[in-house]
$ cat my_file-v5.txt   # compact mmCIF, N, CA and C atoms
# COMPACT_ATOMS: atom_id res chain seq x y z
N MET A 814 -44.00 27.91 -22.84
CA MET A 814 -43.85 27.20 -21.59
C MET A 814 -44.77 27.81 -20.54
N LYS A 815 -45.55 26.98 -19.89
CA LYS A 815 -46.45 27.44 -18.83
C LYS A 815 -45.76 27.25 -17.48
N ARG A 816 -45.62 28.35 -16.73
CA ARG A 816 -44.93 28.32 -15.43
C ARG A 816 -45.94 28.38 -14.29
N VAL A 817 -45.70 27.53 -13.30
CA VAL A 817 -46.55 27.45 -12.11
C VAL A 817 -45.69 27.81 -10.91
N ILE A 818 -46.28 28.56 -9.97
CA ILE A 818 -45.56 28.92 -8.75
C ILE A 818 -46.41 28.61 -7.53
N THR A 819 -45.77 28.11 -6.50
CA THR A 819 -46.45 27.82 -5.24
C THR A 819 -45.51 28.18 -4.10
N TYR A 820 -46.03 28.22 -2.89
CA TYR A 820 -45.26 28.62 -1.72
C TYR A 820 -45.57 27.71 -0.54
N GLY A 821 -44.60 27.62 0.36
CA GLY A 821 -44.84 26.87 1.59
C GLY A 821 -43.57 26.68 2.39
N THR A 822 -43.74 26.04 3.54
CA THR A 822 -42.63 25.74 4.43
C THR A 822 -42.03 24.38 4.08
N PHE A 823 -42.87 23.44 3.69
CA PHE A 823 -42.45 22.10 3.28
C PHE A 823 -41.49 21.48 4.29
N ASP A 824 -41.88 21.53 5.55
CA ASP A 824 -41.10 20.91 6.61
C ASP A 824 -41.58 19.48 6.79
N VAL A 825 -40.69 18.59 7.10
CA VAL A 825 -41.00 17.16 7.25
C VAL A 825 -41.82 16.70 6.05
N LEU A 826 -41.19 16.73 4.89
CA LEU A 826 -41.85 16.42 3.62
C LEU A 826 -42.60 15.09 3.71
N HIS A 827 -43.86 15.09 3.31
CA HIS A 827 -44.70 13.89 3.39
C HIS A 827 -45.51 13.73 2.10
N TYR A 828 -46.27 12.64 2.02
CA TYR A 828 -46.99 12.34 0.78
C TYR A 828 -48.02 13.41 0.42
N GLY A 829 -48.52 14.15 1.37
CA GLY A 829 -49.43 15.25 1.06
C GLY A 829 -48.71 16.35 0.29
N HIS A 830 -47.48 16.64 0.72
CA HIS A 830 -46.67 17.63 -0.01
C HIS A 830 -46.40 17.15 -1.43
N ILE A 831 -45.99 15.89 -1.54
CA ILE A 831 -45.67 15.34 -2.87
C ILE A 831 -46.90 15.38 -3.77
N ASN A 832 -48.05 15.05 -3.22
CA ASN A 832 -49.30 15.09 -3.98
C ASN A 832 -49.58 16.51 -4.47
N LEU A 833 -49.39 17.50 -3.61
CA LEU A 833 -49.61 18.90 -3.99
C LEU A 833 -48.63 19.32 -5.09
N LEU A 834 -47.36 18.97 -4.91
CA LEU A 834 -46.35 19.33 -5.91
C LEU A 834 -46.61 18.65 -7.25
N LYS A 835 -47.00 17.40 -7.21
CA LYS A 835 -47.31 16.65 -8.44
C LYS A 835 -48.49 17.29 -9.18
N ARG A 836 -49.53 17.63 -8.45
CA ARG A 836 -50.71 18.24 -9.06
C ARG A 836 -50.42 19.65 -9.57
N ALA A 837 -49.59 20.40 -8.84
CA ALA A 837 -49.20 21.74 -9.29
C ALA A 837 -48.39 21.65 -10.57
N LYS A 838 -47.44 20.73 -10.62
CA LYS A 838 -46.60 20.56 -11.82
C LYS A 838 -47.46 20.15 -13.02
N ALA A 839 -48.48 19.35 -12.80
CA ALA A 839 -49.35 18.88 -13.89
C ALA A 839 -50.11 20.03 -14.55
N LEU A 840 -50.18 21.17 -13.88
CA LEU A 840 -50.87 22.34 -14.44
C LEU A 840 -50.02 23.09 -15.47
N GLY A 841 -48.75 22.78 -15.51
CA GLY A 841 -47.86 23.49 -16.43
C GLY A 841 -46.64 22.68 -16.80
N ASP A 842 -45.61 23.39 -17.24
CA ASP A 842 -44.37 22.76 -17.68
C ASP A 842 -43.22 22.95 -16.72
N TYR A 843 -43.33 23.94 -15.84
CA TYR A 843 -42.20 24.34 -15.00
C TYR A 843 -42.77 24.76 -13.64
N LEU A 844 -42.29 24.13 -12.56
CA LEU A 844 -42.80 24.43 -11.22
C LEU A 844 -41.74 25.13 -10.38
N ILE A 845 -42.12 26.30 -9.89
CA ILE A 845 -41.29 27.10 -9.00
C ILE A 845 -41.89 27.00 -7.60
N VAL A 846 -41.05 26.72 -6.62
CA VAL A 846 -41.51 26.65 -5.23
C VAL A 846 -40.84 27.76 -4.43
N GLY A 847 -41.66 28.65 -3.87
CA GLY A 847 -41.18 29.66 -2.94
C GLY A 847 -41.14 29.02 -1.56
N LEU A 848 -39.96 28.82 -1.03
CA LEU A 848 -39.77 28.11 0.23
C LEU A 848 -39.50 29.10 1.35
N SER A 849 -40.30 29.04 2.40
CA SER A 849 -40.15 29.95 3.54
C SER A 849 -38.76 29.83 4.15
N THR A 850 -38.10 30.96 4.29
CA THR A 850 -36.79 30.98 4.95
C THR A 850 -36.98 30.79 6.46
N ASP A 851 -35.89 30.50 7.14
CA ASP A 851 -35.96 30.34 8.60
C ASP A 851 -36.39 31.65 9.26
N ASP A 852 -35.88 32.78 8.78
CA ASP A 852 -36.26 34.07 9.35
C ASP A 852 -37.74 34.38 9.11
N PHE A 853 -38.24 34.04 7.93
CA PHE A 853 -39.66 34.27 7.65
C PHE A 853 -40.52 33.36 8.54
N ASN A 854 -40.09 32.13 8.76
CA ASN A 854 -40.83 31.24 9.66
C ASN A 854 -40.92 31.83 11.06
N LYS A 855 -39.86 32.47 11.53
CA LYS A 855 -39.89 33.11 12.85
C LYS A 855 -40.96 34.20 12.89
N ILE A 856 -41.04 34.99 11.82
CA ILE A 856 -42.05 36.04 11.73
C ILE A 856 -43.46 35.43 11.80
N LYS A 857 -43.62 34.25 11.19
CA LYS A 857 -44.92 33.57 11.16
C LYS A 857 -45.15 32.72 12.42
N ASN A 858 -44.22 32.80 13.37
CA ASN A 858 -44.28 31.98 14.59
C ASN A 858 -44.31 30.49 14.29
N LYS A 859 -43.54 30.09 13.28
CA LYS A 859 -43.41 28.68 12.90
C LYS A 859 -41.98 28.24 13.19
N GLU A 860 -41.86 27.00 13.61
CA GLU A 860 -40.54 26.43 13.81
C GLU A 860 -40.44 25.16 13.00
N SER A 861 -39.47 25.12 12.10
CA SER A 861 -39.27 23.96 11.25
C SER A 861 -38.30 22.99 11.91
N TYR A 862 -38.51 21.72 11.64
CA TYR A 862 -37.57 20.70 12.10
C TYR A 862 -36.27 20.81 11.31
N TYR A 863 -36.40 21.00 10.00
CA TYR A 863 -35.24 21.14 9.13
C TYR A 863 -34.97 22.61 8.84
N THR A 864 -33.71 22.95 8.60
CA THR A 864 -33.35 24.32 8.24
C THR A 864 -33.80 24.60 6.80
N TYR A 865 -33.74 25.88 6.43
CA TYR A 865 -34.08 26.26 5.07
C TYR A 865 -33.20 25.50 4.07
N ILE A 866 -31.90 25.45 4.32
CA ILE A 866 -30.97 24.79 3.40
C ILE A 866 -31.33 23.31 3.25
N GLN A 867 -31.67 22.66 4.34
CA GLN A 867 -32.04 21.24 4.29
C GLN A 867 -33.36 21.04 3.54
N ARG A 868 -34.35 21.89 3.82
CA ARG A 868 -35.65 21.78 3.14
C ARG A 868 -35.49 22.06 1.65
N LYS A 869 -34.64 23.02 1.31
CA LYS A 869 -34.38 23.35 -0.10
C LYS A 869 -33.76 22.14 -0.81
N MET A 870 -32.79 21.50 -0.17
CA MET A 870 -32.14 20.33 -0.77
C MET A 870 -33.15 19.20 -0.99
N ILE A 871 -34.04 19.00 -0.04
CA ILE A 871 -35.06 17.95 -0.17
C ILE A 871 -35.99 18.27 -1.34
N LEU A 872 -36.47 19.52 -1.43
CA LEU A 872 -37.36 19.90 -2.52
C LEU A 872 -36.68 19.82 -3.88
N GLU A 873 -35.42 20.20 -3.94
CA GLU A 873 -34.70 20.15 -5.22
C GLU A 873 -34.54 18.71 -5.71
N ALA A 874 -34.61 17.75 -4.80
CA ALA A 874 -34.50 16.34 -5.19
C ALA A 874 -35.83 15.78 -5.71
N CYS A 875 -36.90 16.53 -5.54
CA CYS A 875 -38.23 16.08 -5.99
C CYS A 875 -38.35 16.32 -7.49
N ARG A 876 -38.74 15.28 -8.21
CA ARG A 876 -38.79 15.38 -9.68
C ARG A 876 -39.82 16.37 -10.20
N TYR A 877 -40.78 16.77 -9.38
CA TYR A 877 -41.81 17.71 -9.83
C TYR A 877 -41.35 19.17 -9.74
N VAL A 878 -40.29 19.43 -8.98
CA VAL A 878 -39.84 20.79 -8.71
C VAL A 878 -38.69 21.17 -9.64
N ASP A 879 -38.86 22.29 -10.33
CA ASP A 879 -37.83 22.76 -11.25
C ASP A 879 -36.93 23.83 -10.63
N LEU A 880 -37.47 24.64 -9.74
CA LEU A 880 -36.70 25.72 -9.13
C LEU A 880 -37.24 26.01 -7.74
N VAL A 881 -36.33 26.17 -6.78
CA VAL A 881 -36.71 26.57 -5.41
C VAL A 881 -36.12 27.96 -5.18
N ILE A 882 -36.99 28.88 -4.74
CA ILE A 882 -36.56 30.25 -4.43
C ILE A 882 -36.91 30.55 -2.97
N PRO A 883 -36.15 31.44 -2.33
CA PRO A 883 -36.48 31.77 -0.93
C PRO A 883 -37.69 32.69 -0.84
N GLU A 884 -38.55 32.39 0.13
CA GLU A 884 -39.66 33.29 0.44
C GLU A 884 -39.32 33.95 1.77
N SER A 885 -39.16 35.26 1.75
CA SER A 885 -38.73 35.95 2.96
C SER A 885 -39.77 36.92 3.52
N ASN A 886 -40.87 37.12 2.79
CA ASN A 886 -41.95 37.99 3.30
C ASN A 886 -43.24 37.72 2.54
N TRP A 887 -44.35 38.16 3.13
CA TRP A 887 -45.67 37.93 2.53
C TRP A 887 -45.83 38.67 1.21
N GLU A 888 -45.22 39.83 1.09
CA GLU A 888 -45.46 40.72 -0.05
C GLU A 888 -44.74 40.31 -1.33
N GLN A 889 -43.81 39.38 -1.27
CA GLN A 889 -42.99 39.11 -2.46
C GLN A 889 -43.71 38.31 -3.54
N LYS A 890 -44.84 37.71 -3.25
CA LYS A 890 -45.51 36.84 -4.23
C LYS A 890 -45.78 37.57 -5.55
N LYS A 891 -46.31 38.78 -5.48
CA LYS A 891 -46.59 39.55 -6.70
C LYS A 891 -45.30 39.77 -7.50
N LYS A 892 -44.23 40.16 -6.81
CA LYS A 892 -42.95 40.41 -7.48
C LYS A 892 -42.42 39.13 -8.11
N ASP A 893 -42.55 38.01 -7.41
CA ASP A 893 -42.06 36.73 -7.95
C ASP A 893 -42.84 36.31 -9.19
N ILE A 894 -44.14 36.51 -9.16
CA ILE A 894 -44.98 36.16 -10.31
C ILE A 894 -44.52 36.93 -11.54
N ILE A 895 -44.25 38.20 -11.35
CA ILE A 895 -43.79 39.03 -12.46
C ILE A 895 -42.37 38.64 -12.87
N LYS A 896 -41.47 38.51 -11.90
CA LYS A 896 -40.06 38.19 -12.18
C LYS A 896 -39.90 36.86 -12.91
N TYR A 897 -40.62 35.84 -12.45
CA TYR A 897 -40.48 34.50 -13.03
C TYR A 897 -41.51 34.20 -14.11
N GLU A 898 -42.31 35.21 -14.46
CA GLU A 898 -43.32 35.12 -15.52
C GLU A 898 -44.25 33.93 -15.29
N ALA A 899 -44.73 33.81 -14.06
CA ALA A 899 -45.63 32.71 -13.71
C ALA A 899 -47.00 32.91 -14.35
N ASP A 900 -47.52 31.82 -14.87
CA ASP A 900 -48.86 31.83 -15.47
C ASP A 900 -49.93 31.42 -14.47
N ILE A 901 -49.52 30.60 -13.50
CA ILE A 901 -50.47 30.05 -12.52
C ILE A 901 -49.85 30.12 -11.13
N PHE A 902 -50.64 30.59 -10.18
CA PHE A 902 -50.27 30.59 -8.76
C PHE A 902 -51.12 29.52 -8.09
N VAL A 903 -50.47 28.59 -7.37
CA VAL A 903 -51.18 27.47 -6.76
C VAL A 903 -50.94 27.45 -5.26
N MET A 904 -52.02 27.23 -4.51
CA MET A 904 -51.92 27.03 -3.06
C MET A 904 -52.95 25.99 -2.66
N GLY A 905 -52.78 25.43 -1.47
CA GLY A 905 -53.76 24.51 -0.92
C GLY A 905 -55.06 25.24 -0.62
N ASP A 906 -56.16 24.51 -0.64
CA ASP A 906 -57.46 25.15 -0.49
C ASP A 906 -57.74 25.67 0.92
N ASP A 907 -56.85 25.40 1.88
CA ASP A 907 -57.00 26.02 3.19
C ASP A 907 -56.67 27.52 3.11
N TRP A 908 -56.11 27.96 2.00
CA TRP A 908 -55.83 29.37 1.75
C TRP A 908 -56.86 30.00 0.82
N LYS A 909 -57.95 29.29 0.55
CA LYS A 909 -58.96 29.74 -0.41
C LYS A 909 -59.33 31.22 -0.22
N ASN A 910 -59.32 31.95 -1.31
CA ASN A 910 -59.66 33.38 -1.41
C ASN A 910 -58.61 34.33 -0.84
N LYS A 911 -57.60 33.82 -0.15
CA LYS A 911 -56.60 34.69 0.48
C LYS A 911 -55.65 35.32 -0.54
N PHE A 912 -55.53 34.69 -1.70
CA PHE A 912 -54.59 35.19 -2.70
C PHE A 912 -55.29 35.57 -4.01
N ASP A 913 -56.58 35.78 -3.95
CA ASP A 913 -57.33 36.15 -5.15
C ASP A 913 -56.84 37.46 -5.77
N PHE A 914 -56.25 38.33 -4.95
CA PHE A 914 -55.74 39.61 -5.47
C PHE A 914 -54.63 39.40 -6.50
N LEU A 915 -54.01 38.22 -6.50
CA LEU A 915 -52.95 37.93 -7.47
C LEU A 915 -53.50 37.59 -8.86
N SER A 916 -54.83 37.44 -8.96
CA SER A 916 -55.44 37.10 -10.25
C SER A 916 -55.26 38.21 -11.29
N LYS A 917 -54.81 39.38 -10.88
CA LYS A 917 -54.49 40.46 -11.82
C LYS A 917 -53.23 40.12 -12.61
N TYR A 918 -52.42 39.21 -12.06
CA TYR A 918 -51.11 38.91 -12.64
C TYR A 918 -51.01 37.52 -13.25
N CYS A 919 -51.86 36.60 -12.79
CA CYS A 919 -51.85 35.23 -13.30
C CYS A 919 -53.12 34.51 -12.81
N GLU A 920 -53.30 33.31 -13.29
CA GLU A 920 -54.42 32.50 -12.83
C GLU A 920 -54.12 32.01 -11.41
N VAL A 921 -55.11 32.04 -10.53
CA VAL A 921 -54.96 31.58 -9.15
C VAL A 921 -55.79 30.32 -8.97
N ILE A 922 -55.13 29.26 -8.51
CA ILE A 922 -55.81 27.97 -8.32
C ILE A 922 -55.55 27.47 -6.90
N TYR A 923 -56.61 27.04 -6.23
CA TYR A 923 -56.50 26.44 -4.91
C TYR A 923 -56.76 24.94 -5.05
N LEU A 924 -55.78 24.14 -4.69
CA LEU A 924 -55.91 22.69 -4.79
C LEU A 924 -56.38 22.10 -3.48
N LYS A 925 -57.24 21.11 -3.58
CA LYS A 925 -57.73 20.41 -2.40
C LYS A 925 -56.56 19.73 -1.70
N ARG A 926 -56.51 19.87 -0.40
CA ARG A 926 -55.46 19.23 0.40
C ARG A 926 -55.66 17.73 0.45
N THR A 927 -54.56 17.01 0.61
CA THR A 927 -54.63 15.56 0.79
C THR A 927 -55.21 15.31 2.18
N PRO A 928 -56.29 14.53 2.27
CA PRO A 928 -56.92 14.32 3.58
C PRO A 928 -56.04 13.53 4.55
N ASP A 929 -56.24 13.80 5.82
CA ASP A 929 -55.66 13.03 6.93
C ASP A 929 -54.15 13.08 7.03
N ILE A 930 -53.53 14.13 6.48
CA ILE A 930 -52.07 14.26 6.64
C ILE A 930 -51.72 15.74 6.75
N SER A 931 -50.83 16.05 7.67
CA SER A 931 -50.30 17.41 7.80
C SER A 931 -49.01 17.33 8.60
N THR A 932 -48.15 18.30 8.38
CA THR A 932 -46.89 18.37 9.13
C THR A 932 -47.18 18.50 10.63
N THR A 933 -48.17 19.31 10.97
CA THR A 933 -48.52 19.50 12.37
C THR A 933 -48.92 18.18 13.00
N LYS A 934 -49.74 17.42 12.30
CA LYS A 934 -50.18 16.12 12.82
C LYS A 934 -48.99 15.17 13.02
N ILE A 935 -48.09 15.15 12.06
CA ILE A 935 -46.90 14.30 12.16
C ILE A 935 -46.06 14.70 13.38
N LYS A 936 -45.82 15.99 13.54
CA LYS A 936 -45.01 16.47 14.67
C LYS A 936 -45.67 16.14 16.00
N GLN A 937 -47.00 16.26 16.07
CA GLN A 937 -47.71 15.96 17.30
C GLN A 937 -47.62 14.48 17.65
N GLU A 938 -47.72 13.63 16.63
CA GLU A 938 -47.70 12.19 16.86
C GLU A 938 -46.30 11.69 17.21
N LEU A 939 -45.28 12.39 16.73
CA LEU A 939 -43.90 11.98 17.05
C LEU A 939 -43.54 12.47 18.43
$ encode --input "my_file-v5.txt" --output "structure tokens"
Amino acid sequence: MKRVITYGTFDVLHYGHINLLKRAKALGDYLIVGLSTDDFNKIKNKESYYTYIQRKMILEACRYVDLVIPESNWEQKKKDIIKYEADIFVMGDDWKNKFDFLSKYCEVIYLKRTPDISTTKIKQEL
């Protein structure tokens, strides 16, 4: 079984998120999503519309997602890769080269973002 892991806030879930999750899942058999906790979002100076529990419930309803785990700090990615035996680490290409150090533990892939959509843009327009 090939395991894929990705991370994010996934606030105000939109088709760009779904596209990323679908493409990440297509890389393997099992998709793990590290979801930023509310406390971690505060550290990152981010404010989510939905709480962690609500965002987790939304992600768990997505057919591409097999497991949602809490992300509470920047450093846990390496530990999660080892713990969950991830073969592939996936992030959007706006993070290109930022996680290359994880290539010691698994394959690192940056996926192209869906054009013309972002949570920030949605929040600004609303």
$ select_by_dssp --input "my_file-v5.txt" --residues "chain A" --states "helix (DSSP H, G or I)" --output "VMD selection string"
chain A and resid 828 to 839 851 to 856 865 to 873 889 to 896 906 to 908 913 to 917 932 to 938
$ write_last_selection --input "my_file-v5.txt" --atoms "N, CA and C atoms" --output "short mmCIF file (atom, residue, chain, number, x, y, z; two decimals), in the frame of the given file"
data_model
loop_
_atom_site.label_atom_id
_atom_site.label_comp_id
_atom_site.auth_asym_id
_atom_site.auth_seq_id
_atom_site.Cartn_x
_atom_site.Cartn_y
_atom_site.Cartn_z
N TYR A 828 -46.27 12.64 2.02
CA TYR A 828 -46.99 12.34 0.78
C TYR A 828 -48.02 13.41 0.42
N GLY A 829 -48.52 14.15 1.37
CA GLY A 829 -49.43 15.25 1.06
C GLY A 829 -48.71 16.35 0.29
N HIS A 830 -47.48 16.64 0.72
CA HIS A 830 -46.67 17.63 -0.01
C HIS A 830 -46.40 17.15 -1.43
N ILE A 831 -45.99 15.89 -1.54
CA ILE A 831 -45.67 15.34 -2.87
C ILE A 831 -46.90 15.38 -3.77
N ASN A 832 -48.05 15.05 -3.22
CA ASN A 832 -49.30 15.09 -3.98
C ASN A 832 -49.58 16.51 -4.47
N LEU A 833 -49.39 17.50 -3.61
CA LEU A 833 -49.61 18.90 -3.99
C LEU A 833 -48.63 19.32 -5.09
N LEU A 834 -47.36 18.97 -4.91
CA LEU A 834 -46.35 19.33 -5.91
C LEU A 834 -46.61 18.65 -7.25
N LYS A 835 -47.00 17.40 -7.21
CA LYS A 835 -47.31 16.65 -8.44
C LYS A 835 -48.49 17.29 -9.18
N ARG A 836 -49.53 17.63 -8.45
CA ARG A 836 -50.71 18.24 -9.06
C ARG A 836 -50.42 19.65 -9.57
N ALA A 837 -49.59 20.40 -8.84
CA ALA A 837 -49.20 21.74 -9.29
C ALA A 837 -48.39 21.65 -10.57
N LYS A 838 -47.44 20.73 -10.62
CA LYS A 838 -46.60 20.56 -11.82
C LYS A 838 -47.46 20.15 -13.02
N ALA A 839 -48.48 19.35 -12.80
CA ALA A 839 -49.35 18.88 -13.89
C ALA A 839 -50.11 20.03 -14.55
N ASP A 851 -35.89 30.50 7.14
CA ASP A 851 -35.96 30.34 8.60
C ASP A 851 -36.39 31.65 9.26
N ASP A 852 -35.88 32.78 8.78
CA ASP A 852 -36.26 34.07 9.35
C ASP A 852 -37.74 34.38 9.11
N PHE A 853 -38.24 34.04 7.93
CA PHE A 853 -39.66 34.27 7.65
C PHE A 853 -40.52 33.36 8.54
N ASN A 854 -40.09 32.13 8.76
CA ASN A 854 -40.83 31.24 9.66
C ASN A 854 -40.92 31.83 11.06
N LYS A 855 -39.86 32.47 11.53
CA LYS A 855 -39.89 33.11 12.85
C LYS A 855 -40.96 34.20 12.89
N ILE A 856 -41.04 34.99 11.82
CA ILE A 856 -42.05 36.04 11.73
C ILE A 856 -43.46 35.43 11.80
N TYR A 865 -33.74 25.88 6.43
CA TYR A 865 -34.08 26.26 5.07
C TYR A 865 -33.20 25.50 4.07
N ILE A 866 -31.90 25.45 4.32
CA ILE A 866 -30.97 24.79 3.40
C ILE A 866 -31.33 23.31 3.25
N GLN A 867 -31.67 22.66 4.34
CA GLN A 867 -32.04 21.24 4.29
C GLN A 867 -33.36 21.04 3.54
N ARG A 868 -34.35 21.89 3.82
CA ARG A 868 -35.65 21.78 3.14
C ARG A 868 -35.49 22.06 1.65
N LYS A 869 -34.64 23.02 1.31
CA LYS A 869 -34.38 23.35 -0.10
C LYS A 869 -33.76 22.14 -0.81
N MET A 870 -32.79 21.50 -0.17
CA MET A 870 -32.14 20.33 -0.77
C MET A 870 -33.15 19.20 -0.99
N ILE A 871 -34.04 19.00 -0.04
CA ILE A 871 -35.06 17.95 -0.17
C ILE A 871 -35.99 18.27 -1.34
N LEU A 872 -36.47 19.52 -1.43
CA LEU A 872 -37.36 19.90 -2.52
C LEU A 872 -36.68 19.82 -3.88
N GLU A 873 -35.42 20.20 -3.94
CA GLU A 873 -34.70 20.15 -5.22
C GLU A 873 -34.54 18.71 -5.71
N GLN A 889 -43.81 39.38 -1.27
CA GLN A 889 -42.99 39.11 -2.46
C GLN A 889 -43.71 38.31 -3.54
N LYS A 890 -44.84 37.71 -3.25
CA LYS A 890 -45.51 36.84 -4.23
C LYS A 890 -45.78 37.57 -5.55
N LYS A 891 -46.31 38.78 -5.48
CA LYS A 891 -46.59 39.55 -6.70
C LYS A 891 -45.30 39.77 -7.50
N LYS A 892 -44.23 40.16 -6.81
CA LYS A 892 -42.95 40.41 -7.48
C LYS A 892 -42.42 39.13 -8.11
N ASP A 893 -42.55 38.01 -7.41
CA ASP A 893 -42.06 36.73 -7.95
C ASP A 893 -42.84 36.31 -9.19
N ILE A 894 -44.14 36.51 -9.16
CA ILE A 894 -44.98 36.16 -10.31
C ILE A 894 -44.52 36.93 -11.54
N ILE A 895 -44.25 38.20 -11.35
CA ILE A 895 -43.79 39.03 -12.46
C ILE A 895 -42.37 38.64 -12.87
N LYS A 896 -41.47 38.51 -11.90
CA LYS A 896 -40.06 38.19 -12.18
C LYS A 896 -39.90 36.86 -12.91
N ASP A 906 -56.16 24.51 -0.64
CA ASP A 906 -57.46 25.15 -0.49
C ASP A 906 -57.74 25.67 0.92
N ASP A 907 -56.85 25.40 1.88
CA ASP A 907 -57.00 26.02 3.19
C ASP A 907 -56.67 27.52 3.11
N TRP A 908 -56.11 27.96 2.00
CA TRP A 908 -55.83 29.37 1.75
C TRP A 908 -56.86 30.00 0.82
N ASP A 913 -56.58 35.78 -3.95
CA ASP A 913 -57.33 36.15 -5.15
C ASP A 913 -56.84 37.46 -5.77
N PHE A 914 -56.25 38.33 -4.95
CA PHE A 914 -55.74 39.61 -5.47
C PHE A 914 -54.63 39.40 -6.50
N LEU A 915 -54.01 38.22 -6.50
CA LEU A 915 -52.95 37.93 -7.47
C LEU A 915 -53.50 37.59 -8.86
N SER A 916 -54.83 37.44 -8.96
CA SER A 916 -55.44 37.10 -10.25
C SER A 916 -55.26 38.21 -11.29
N LYS A 917 -54.81 39.38 -10.88
CA LYS A 917 -54.49 40.46 -11.82
C LYS A 917 -53.23 40.12 -12.61
N THR A 932 -48.15 18.30 8.38
CA THR A 932 -46.89 18.37 9.13
C THR A 932 -47.18 18.50 10.63
N THR A 933 -48.17 19.31 10.97
CA THR A 933 -48.52 19.50 12.37
C THR A 933 -48.92 18.18 13.00
N LYS A 934 -49.74 17.42 12.30
CA LYS A 934 -50.18 16.12 12.82
C LYS A 934 -48.99 15.17 13.02
N ILE A 935 -48.09 15.15 12.06
CA ILE A 935 -46.90 14.30 12.16
C ILE A 935 -46.06 14.70 13.38
N LYS A 936 -45.82 15.99 13.54
CA LYS A 936 -45.01 16.47 14.67
C LYS A 936 -45.67 16.14 16.00
N GLN A 937 -47.00 16.26 16.07
CA GLN A 937 -47.71 15.96 17.30
C GLN A 937 -47.62 14.48 17.65
N GLU A 938 -47.72 13.63 16.63
CA GLU A 938 -47.70 12.19 16.86
C GLU A 938 -46.30 11.69 17.21
#
$ closest_residue --input "my_file-v5.txt" --among "A:Ala839, A:Lys859, A:Arg868, A:Leu924" --to "Val825 in chain A" --atoms "only N, CA and C atoms"
A:Arg868
$ closest_residue --input "my_file-v5.txt" --among "A:Arg836, A:Lys890, A:Lys917, A:Arg926" --to "Tyr877 in chain A" --atoms "only N, CA and C atoms"
A:Arg836
$ residues_around --input "my_file-v5.txt" --residues "Leu826 in chain A" --least-positions-apart "4" --cutoff "9 Å" --atoms "only C-alpha atoms" --output "list in words"
His830, Ile831, Arg868, Ile871, Leu872 and Thr932 of chain A
$ residues_around --input "my_file-v5.txt" --residues "Ile922 in chain A" --least-positions-apart "2" --cutoff "5 Å" --atoms "only N, CA and C atoms" --output "VMD selection string"
chain A and resid 902 to 904 920 924
$ write_last_selection --input "my_file-v5.txt" --atoms "N, CA and C atoms" --output "compact mmCIF listing (two decimals), keeping the file's coordinate frame"
# COMPACT_ATOMS: atom_id res chain seq x y z
N PHE A 902 -50.64 30.59 -10.18
CA PHE A 902 -50.27 30.59 -8.76
C PHE A 902 -51.12 29.52 -8.09
N VAL A 903 -50.47 28.59 -7.37
CA VAL A 903 -51.18 27.47 -6.76
C VAL A 903 -50.94 27.45 -5.26
N MET A 904 -52.02 27.23 -4.51
CA MET A 904 -51.92 27.03 -3.06
C MET A 904 -52.95 25.99 -2.66
N GLU A 920 -53.30 33.31 -13.29
CA GLU A 920 -54.42 32.50 -12.83
C GLU A 920 -54.12 32.01 -11.41
N LEU A 924 -55.78 24.14 -4.69
CA LEU A 924 -55.91 22.69 -4.79
C LEU A 924 -56.38 22.10 -3.48
$ residues_around --input "my_file-v5.txt" --residues "Asp851 in chain A" --least-positions-apart "3" --cutoff "7 Å" --atoms "all atoms listed in the file" --output "PDB file with N, CA and C atoms, in the coordinates of the input"
ATOM      1  N   LEU A 848     -39.960  28.820  -1.030  1.00  0.00           N
ATOM      2  CA  LEU A 848     -39.770  28.110   0.230  1.00  0.00           C
ATOM      3  C   LEU A 848     -39.500  29.100   1.350  1.00  0.00           C
ATOM      4  N   ASN A 854     -40.090  32.130   8.760  1.00  0.00           N
ATOM      5  CA  ASN A 854     -40.830  31.240   9.660  1.00  0.00           C
ATOM      6  C   ASN A 854     -40.920  31.830  11.060  1.00  0.00           C
ATOM      7  N   LYS A 855     -39.860  32.470  11.530  1.00  0.00           N
ATOM      8  CA  LYS A 855     -39.890  33.110  12.850  1.00  0.00           C
ATOM      9  C   LYS A 855     -40.960  34.200  12.890  1.00  0.00           C
ATOM     10  N   ILE A 856     -41.040  34.990  11.820  1.00  0.00           N
ATOM     11  CA  ILE A 856     -42.050  36.040  11.730  1.00  0.00           C
ATOM     12  C   ILE A 856     -43.460  35.430  11.800  1.00  0.00           C
ATOM     13  N   THR A 864     -33.710  22.950   8.600  1.00  0.00           N
ATOM     14  CA  THR A 864     -33.350  24.320   8.240  1.00  0.00           C
ATOM     15  C   THR A 864     -33.800  24.600   6.800  1.00  0.00           C
ATOM     16  N   TYR A 865     -33.740  25.880   6.430  1.00  0.00           N
ATOM     17  CA  TYR A 865     -34.080  26.260   5.070  1.00  0.00           C
ATOM     18  C   TYR A 865     -33.200  25.500   4.070  1.00  0.00           C
TER      19      TYR A 865
END
$ closest_residue --input "my_file-v5.txt" --among "A:Asp907, A:Asp879, A:Glu888, A:Glu860" --to "Asp842 in chain A" --atoms "all atoms listed in the file"
A:Asp879
$ closest_residue --input "my_file-v5.txt" --among "A:Lys911, A:Lys857, A:Lys835, A:Lys815" --to "Val878 in chain A" --atoms "all atoms listed in the file"
A:Lys835
$ closest_residue --input "my_file-v5.txt" --among "A:His827, A:Val846, A:Phe853, A:Asp929" --to "Trp887 in chain A" --atoms "only N, CA and C atoms"
A:Phe853
$ atom_distance --input "my_file-v5.txt" --atom1 "atom N of Lys892 in chain A" --atom2 "CA of Asn832 in chain A"
25.7 Å
$ closest_residue --input "my_file-v5.txt" --among "A:Glu873, A:Leu844, A:Glu884, A:Ser861" --to "Asp824 in chain A" --atoms "only N, CA and C atoms"
A:Ser861
$ residues_around --input "my_file-v5.txt" --residues "Asp906 in chain A" --least-positions-apart "3" --cutoff "6 Å" --atoms "only C-alpha atoms" --output "MDAnalysis selection string"
chainID A and resid 909 923:925
$ atom_distance --input "my_file-v5.txt" --atom1 "atom N of Tyr820 in chain A" --atom2 "atom C of Tyr863 in chain A"
17.1 Å
$ select_by_dssp --input "my_file-v5.txt" --residues "chain A" --states "strand (DSSP E)" --output "number ranges by chain"
A: 816-821, 843-849, 880-884, 901-905, 920-924
